[in-house]
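To start, the structure itself, in structure tokens.
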Amino acid sequence: MKMFPSLTAFLGLVAAVASPAKAADWPHFLGPRHDCRVANEDAADFWRDGGLKREWEYPKGKGWASPTVVDDRVLLFHRSGTQEVLDCLELDSGRRIWQVAYEAPYRDRYGSGDGARTSPVIGGGRVWSFGITGVMHCVDLKSGSVVWKKDLGSEYSMKDNFFGHGSSPLLLDGRIIVPVGGTEDRCVVALDGESGRQLWVAKHTWGAGYASAVPFKIQNGSGARQAVLVFTGGETRPPTGGLLCIDAESGGVLGEAWHRSRIAESVNAASPVVVSPGRVFTTEGYGSGGVLHEIASDGSIKPVWSASRLGSQFGTPIEKDGMILGFDGQNPRLAQLVCLDASSGREKWSDDLGGKFGRGSLLDLGDRGVVALGESGELVRFFAEADKPRVVQREQLFEAPETWSIPVLAGRRLLVMQNERSRDGAPPRLICYRY
């Protein structure tokens with residue numbers, strides 16, 4: 001096992017992972033702040049009159065994981081044959097710098113595919129990836145050498161779940177946190193990022209879902225307490241699951257709120273959305289809709305309102321200007337973008353963005369509005385107004401199904417994953433656009 005040669009180097013890692021990422025980075029799933037908000041410097045000039053210029057593309061294997069970006073490096077996690085592959089690419093050119101590949105044979109019982117579902121996380125000169133069979137790697141960002149690896153699937157006797165394991169790791173204060181849904185009620189685990197040593201296990205009967213954990217500050221009289229929000233619930237009959245608030249230091253479960261469809265084959269896949277200090281929105285498809293929760297100073301959770309019309313199958317909604325925006329529905333032909341009033345849950349409007357848009361992904365551009373990527377490769381920029389979305393730009397980047405990966409805006413580039421062969425015959429690829 002590779003260790004840092006000095007205390008100074010180790011303290012450098014701790015400082016790096018505890019500090020906010022630079023504005024132009026996209027170091028983990030859902031962006032710099034875990035909320036699909038684009039850094040100001042990347043949003044300010046996005047998609048102006050000059051349009052989007054395709055700069056490079058890189059062939060990819062199976063999977064729906066979004067890339068991550070730090071400085072001049074892009075990390076791509078995907079599958080090639082029976083191997084899971086972690087590629088490090090140069091942001092300027094798409095040239096591969098290094099690759100880590102390992103055997104991870106897998107077949108799910110629904111035939112939905114064995115591709116990677118989780119994004120790598122980057123911090124302090126390290127990259128962590130979590131595969132569909134439960135294998136986690138820690139890799140040196142500069143050299144691509146493996147620092148450590150652990151088979152969490154075997155170690156925690158993780159249940160196979162519907163489609164393998166699909167929660168992207170959370171890096172928080174030097175800890176790597178991931179739902180495992182193991183035996184003995186081992187629901188969520190925290191590992192030391194540098195060594196892989198277990199720091200704590202959060203015990204709960206709800207298994208692992210597909211939503212990725214997000215950090216959350218619990219407000220109290222003396223300041224704030226660092227917590228982790230996990231929207232979880234695995235394969236059980238009858239189905240169970242919902243929102244957990246976990247103490248980030250100890251792993252103690254502080255609060256829980258049940259939220260799960262009554263359909264056994266449902267999954268909790270959209271990450272929790274922090275709407276305001278002390279308030280969090282969760283959403284699940286299959287008829288269960290969305291719920292706004294209030295989290296008290298002790299971490300306990302109670303519902304504020306529920307809305308049947310924003311039930312997202314897998315896409316994480318955004319909060320913007322007192323509104324919650326997200327795609328409702330399991331059927332791509334019937335899916336609609338829904339806007340809820342964040343304070344009351346009242347539906348303000350819904351729109352299909354053109355009929356063939358389907359279940360899209362959303363990024364908040366601040367003053368530049370919202371960008372949405374449809375599941376067939378159509379890109380739209382719009383402003384969420386009081387009674388409708390005002391579309392100001394639209395472009396069909398390509399035409400291919402299962403364009404479900406959240407696009408990435410970093411370093412004045414737009415990175416988009418084409419996950420299936422396009423209508424014109426182009427194979428799956430990562431495409432980089434410059435603007």
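Identifiers in the structure tokens: chain A, B, ... in order shown; residue index from 1 per chain; ligand index from 1 in order shown.
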
Would you list, as number ranges by chain, the residues of segment 12-186 of chain A that end up in strand (DSSP E) under DSSP run on this structure's backbone?
A: 53-59, 68-70, 73-80, 83-90, 96-103, 121-123, 126-130, 135-140, 146-151, 170-172, 175-179, 186

For C-alpha atoms, I'd like the residues from the last selection saved as a compact mmCIF listing (two decimals), in the first residue's frame.
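Written output follows (out.txt):
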# COMPACT_ATOMS: atom_id res chain seq x y z
CA LYS A 53 -17.69 24.25 -31.07
CA ARG A 54 -16.92 20.55 -30.91
CA GLU A 55 -13.31 20.41 -29.71
CA TRP A 56 -12.67 16.67 -29.33
CA GLU A 57 -14.35 13.36 -28.64
CA TYR A 58 -13.20 10.19 -26.89
CA PRO A 59 -14.65 6.69 -27.47
CA THR A 68 -15.43 14.80 -13.40
CA VAL A 69 -12.86 17.55 -13.93
CA VAL A 70 -10.04 19.09 -11.90
CA ARG A 73 -7.75 16.55 -16.22
CA VAL A 74 -10.98 14.75 -17.04
CA LEU A 75 -11.85 11.46 -15.30
CA LEU A 76 -14.10 9.04 -17.16
CA PHE A 77 -15.44 5.80 -15.62
CA HIS A 78 -16.99 3.23 -17.96
CA ARG A 79 -17.00 -0.46 -18.98
CA SER A 80 -15.19 -2.26 -21.76
CA GLN A 83 -13.58 -4.72 -17.34
CA GLU A 84 -14.36 -1.48 -15.54
CA VAL A 85 -12.11 1.30 -16.81
CA LEU A 86 -11.01 4.59 -15.26
CA ASP A 87 -9.50 6.90 -17.88
CA CYS A 88 -7.68 10.16 -17.20
CA LEU A 89 -7.83 12.53 -20.18
CA GLU A 90 -6.32 15.92 -20.99
CA ARG A 96 -5.45 9.81 -22.64
CA ILE A 97 -2.87 10.36 -19.90
CA TRP A 98 -3.34 7.08 -18.01
CA GLN A 99 -5.80 4.24 -17.56
CA VAL A 100 -6.72 1.83 -14.76
CA ALA A 101 -8.71 -1.25 -15.83
CA TYR A 102 -9.73 -4.34 -13.87
CA GLU A 103 -11.97 -7.36 -14.25
CA VAL A 121 -14.59 11.86 -7.18
CA ILE A 122 -11.36 13.90 -7.15
CA GLY A 123 -9.58 15.62 -4.28
CA ARG A 126 -6.41 11.42 -5.54
CA VAL A 127 -9.29 9.87 -7.52
CA TRP A 128 -11.82 7.42 -6.05
CA SER A 129 -14.09 5.22 -8.16
CA PHE A 130 -16.86 2.82 -7.06
CA VAL A 135 -15.11 -2.54 -5.89
CA MET A 136 -13.58 0.80 -4.86
CA HIS A 137 -10.24 2.14 -6.06
CA CYS A 138 -8.13 5.05 -4.84
CA VAL A 139 -5.78 6.20 -7.61
CA ASP A 140 -3.05 8.84 -7.73
CA VAL A 146 -3.37 2.50 -7.54
CA VAL A 147 -2.98 3.67 -3.93
CA TRP A 148 -5.48 1.13 -2.55
CA LYS A 149 -8.48 -0.91 -3.57
CA LYS A 150 -11.23 -2.62 -1.58
CA ASP A 151 -13.98 -5.03 -2.53
CA LEU A 170 -18.95 11.51 -1.48
CA LEU A 171 -15.62 13.03 -0.41
CA LEU A 172 -16.08 15.00 2.82
CA ARG A 175 -13.70 10.66 4.29
CA ILE A 176 -15.09 8.66 1.39
CA ILE A 177 -18.78 8.03 2.13
CA VAL A 178 -20.93 5.59 0.15
CA PRO A 179 -24.15 3.61 0.73
CA ARG A 186 -24.71 -1.82 7.50

Excluding same-chain residues fewer than 5 positions from segment 370-374 of chain A, what lies within 6 Å of it counting only C-alpha atoms, as a list in words?
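Neighbouring residues, sequence-local ones excluded: Phe357, Gly358, Gly360, Ser361, Leu362, Leu363, Asp364, Leu365, Leu379, Val380, Arg381 and Phe382 of chain A.
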
Take the residues just selected and output them with N, CA and C atoms as a PDB file, in the first residue's frame.
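The resulting selection.pdb:
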ATOM      1  N   PHE A 357     -38.271  15.499 -25.790  1.00  0.00           N
ATOM      2  CA  PHE A 357     -37.166  15.813 -24.886  1.00  0.00           C
ATOM      3  C   PHE A 357     -36.959  14.705 -23.854  1.00  0.00           C
ATOM      4  N   GLY A 358     -38.073  14.197 -23.302  1.00  0.00           N
ATOM      5  CA  GLY A 358     -37.996  13.093 -22.349  1.00  0.00           C
ATOM      6  C   GLY A 358     -37.525  13.515 -20.971  1.00  0.00           C
ATOM      7  N   GLY A 360     -34.948  14.717 -18.763  1.00  0.00           N
ATOM      8  CA  GLY A 360     -33.695  15.437 -18.953  1.00  0.00           C
ATOM      9  C   GLY A 360     -32.883  15.604 -17.681  1.00  0.00           C
ATOM     10  N   SER A 361     -31.708  16.220 -17.870  1.00  0.00           N
ATOM     11  CA  SER A 361     -30.825  16.619 -16.773  1.00  0.00           C
ATOM     12  C   SER A 361     -30.762  18.136 -16.739  1.00  0.00           C
ATOM     13  N   LEU A 362     -30.631  18.707 -15.552  1.00  0.00           N
ATOM     14  CA  LEU A 362     -30.671  20.150 -15.378  1.00  0.00           C
ATOM     15  C   LEU A 362     -29.401  20.672 -14.735  1.00  0.00           C
ATOM     16  N   LEU A 363     -28.941  21.837 -15.223  1.00  0.00           N
ATOM     17  CA  LEU A 363     -27.846  22.578 -14.598  1.00  0.00           C
ATOM     18  C   LEU A 363     -28.284  24.023 -14.414  1.00  0.00           C
ATOM     19  N   ASP A 364     -27.987  24.586 -13.252  1.00  0.00           N
ATOM     20  CA  ASP A 364     -28.328  25.972 -12.939  1.00  0.00           C
ATOM     21  C   ASP A 364     -27.188  26.881 -13.392  1.00  0.00           C
ATOM     22  N   LEU A 365     -27.509  27.811 -14.307  1.00  0.00           N
ATOM     23  CA  LEU A 365     -26.515  28.741 -14.842  1.00  0.00           C
ATOM     24  C   LEU A 365     -26.563  30.102 -14.170  1.00  0.00           C
ATOM     25  N   LEU A 379     -30.063  19.809 -26.509  1.00  0.00           N
ATOM     26  CA  LEU A 379     -29.665  20.760 -25.482  1.00  0.00           C
ATOM     27  C   LEU A 379     -30.540  21.999 -25.568  1.00  0.00           C
ATOM     28  N   VAL A 380     -31.038  22.464 -24.430  1.00  0.00           N
ATOM     29  CA  VAL A 380     -31.928  23.624 -24.369  1.00  0.00           C
ATOM     30  C   VAL A 380     -31.456  24.538 -23.248  1.00  0.00           C
ATOM     31  N   ARG A 381     -31.485  25.847 -23.503  1.00  0.00           N
ATOM     32  CA  ARG A 381     -31.294  26.827 -22.426  1.00  0.00           C
ATOM     33  C   ARG A 381     -32.582  27.613 -22.284  1.00  0.00           C
ATOM     34  N   PHE A 382     -33.048  27.766 -21.031  1.00  0.00           N
ATOM     35  CA  PHE A 382     -34.309  28.461 -20.803  1.00  0.00           C
ATOM     36  C   PHE A 382     -34.259  29.248 -19.505  1.00  0.00           C
TER      37      PHE A 382
END

Between A:Asp185, A:Ser157, A:Trp305, A:Ala400, single out the one closest to Arg429 of chain A, counting only C-alpha atoms.
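Between A:Asp185, A:Ser157, A:Trp305, A:Ala400, the residue approaching Arg429 of chain A most closely is A:Ala400.
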
Got a sec: who's within 8 Å of Leu337 of chain A, counting only C-alpha atoms, leaving out chain neighbours fewer than 2 positions off, as a PyMOL selection string?
chain A and resi 325-328+335+339+350-353

Tell me, in Å to one decimal, how far atom CA of Glu347 of chain A is from atom CA of Asn268 of chain A.
22.1 Å

Apply DSSP to the structure's backbone, then extract all residues of segment 19-72 of chain A labelled helix (DSSP H, G or I) and return them as an MDAnalysis selection string.
chainID A and resid 40:43

Mind checking which residues fall within 9 Å of segment 21-37 of chain A, counting only C-alpha atoms, ignoring those fewer than 5 positions away in the same chain, and posting them as a PyMOL selection string?
chain A and resi 16+42+65-71+118-123+168-171+212+214-215+271-274+316-319+362-366+406+408-412

Pick out the closest residue to Gly63 of chain A from this set: A:Glu265, A:Glu256, A:Asp114, A:Asp49. Count only C-alpha atoms.
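Of all the options, A:Asp114 lies closest to Gly63 of chain A.
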
Excluding Gly234 of chain A and its own-chain neighbours fewer than 2 positions away, which residues fall within 12 Å of it when counting only C-alpha atoms? Please give them as a ChimeraX atom specification.
/A:158-167,179-182,185,187,204-211,231-232,236-242,260-261,263-269

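Coordinates place atom CA of Gly153 of chain A at a distance of 12.4 Å from atom CA of Tyr106 of chain A.
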
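Atom CA of Arg394 of chain A lies 25.2 Å from atom CA of Gly311 of chain A.
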
Env of Asn220 of chain A: 9 Å cut, atoms = only C-alpha atoms, seq-sep filter 5 positions within chain, self excluded. Answer as a PyMOL selection string.
chain A and resi 225+296-298

Selection from above, C-alpha atoms, as a compact mmCIF listing (two decimals), in the first residue's frame, can you write it?
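selection28.txt, freshly written:
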# COMPACT_ATOMS: atom_id res chain seq x y z
CA ARG A 225 -22.98 20.55 12.56
CA ALA A 296 -34.29 20.22 13.04
CA SER A 297 -31.19 21.20 15.03
CA ASP A 298 -30.91 17.64 16.40
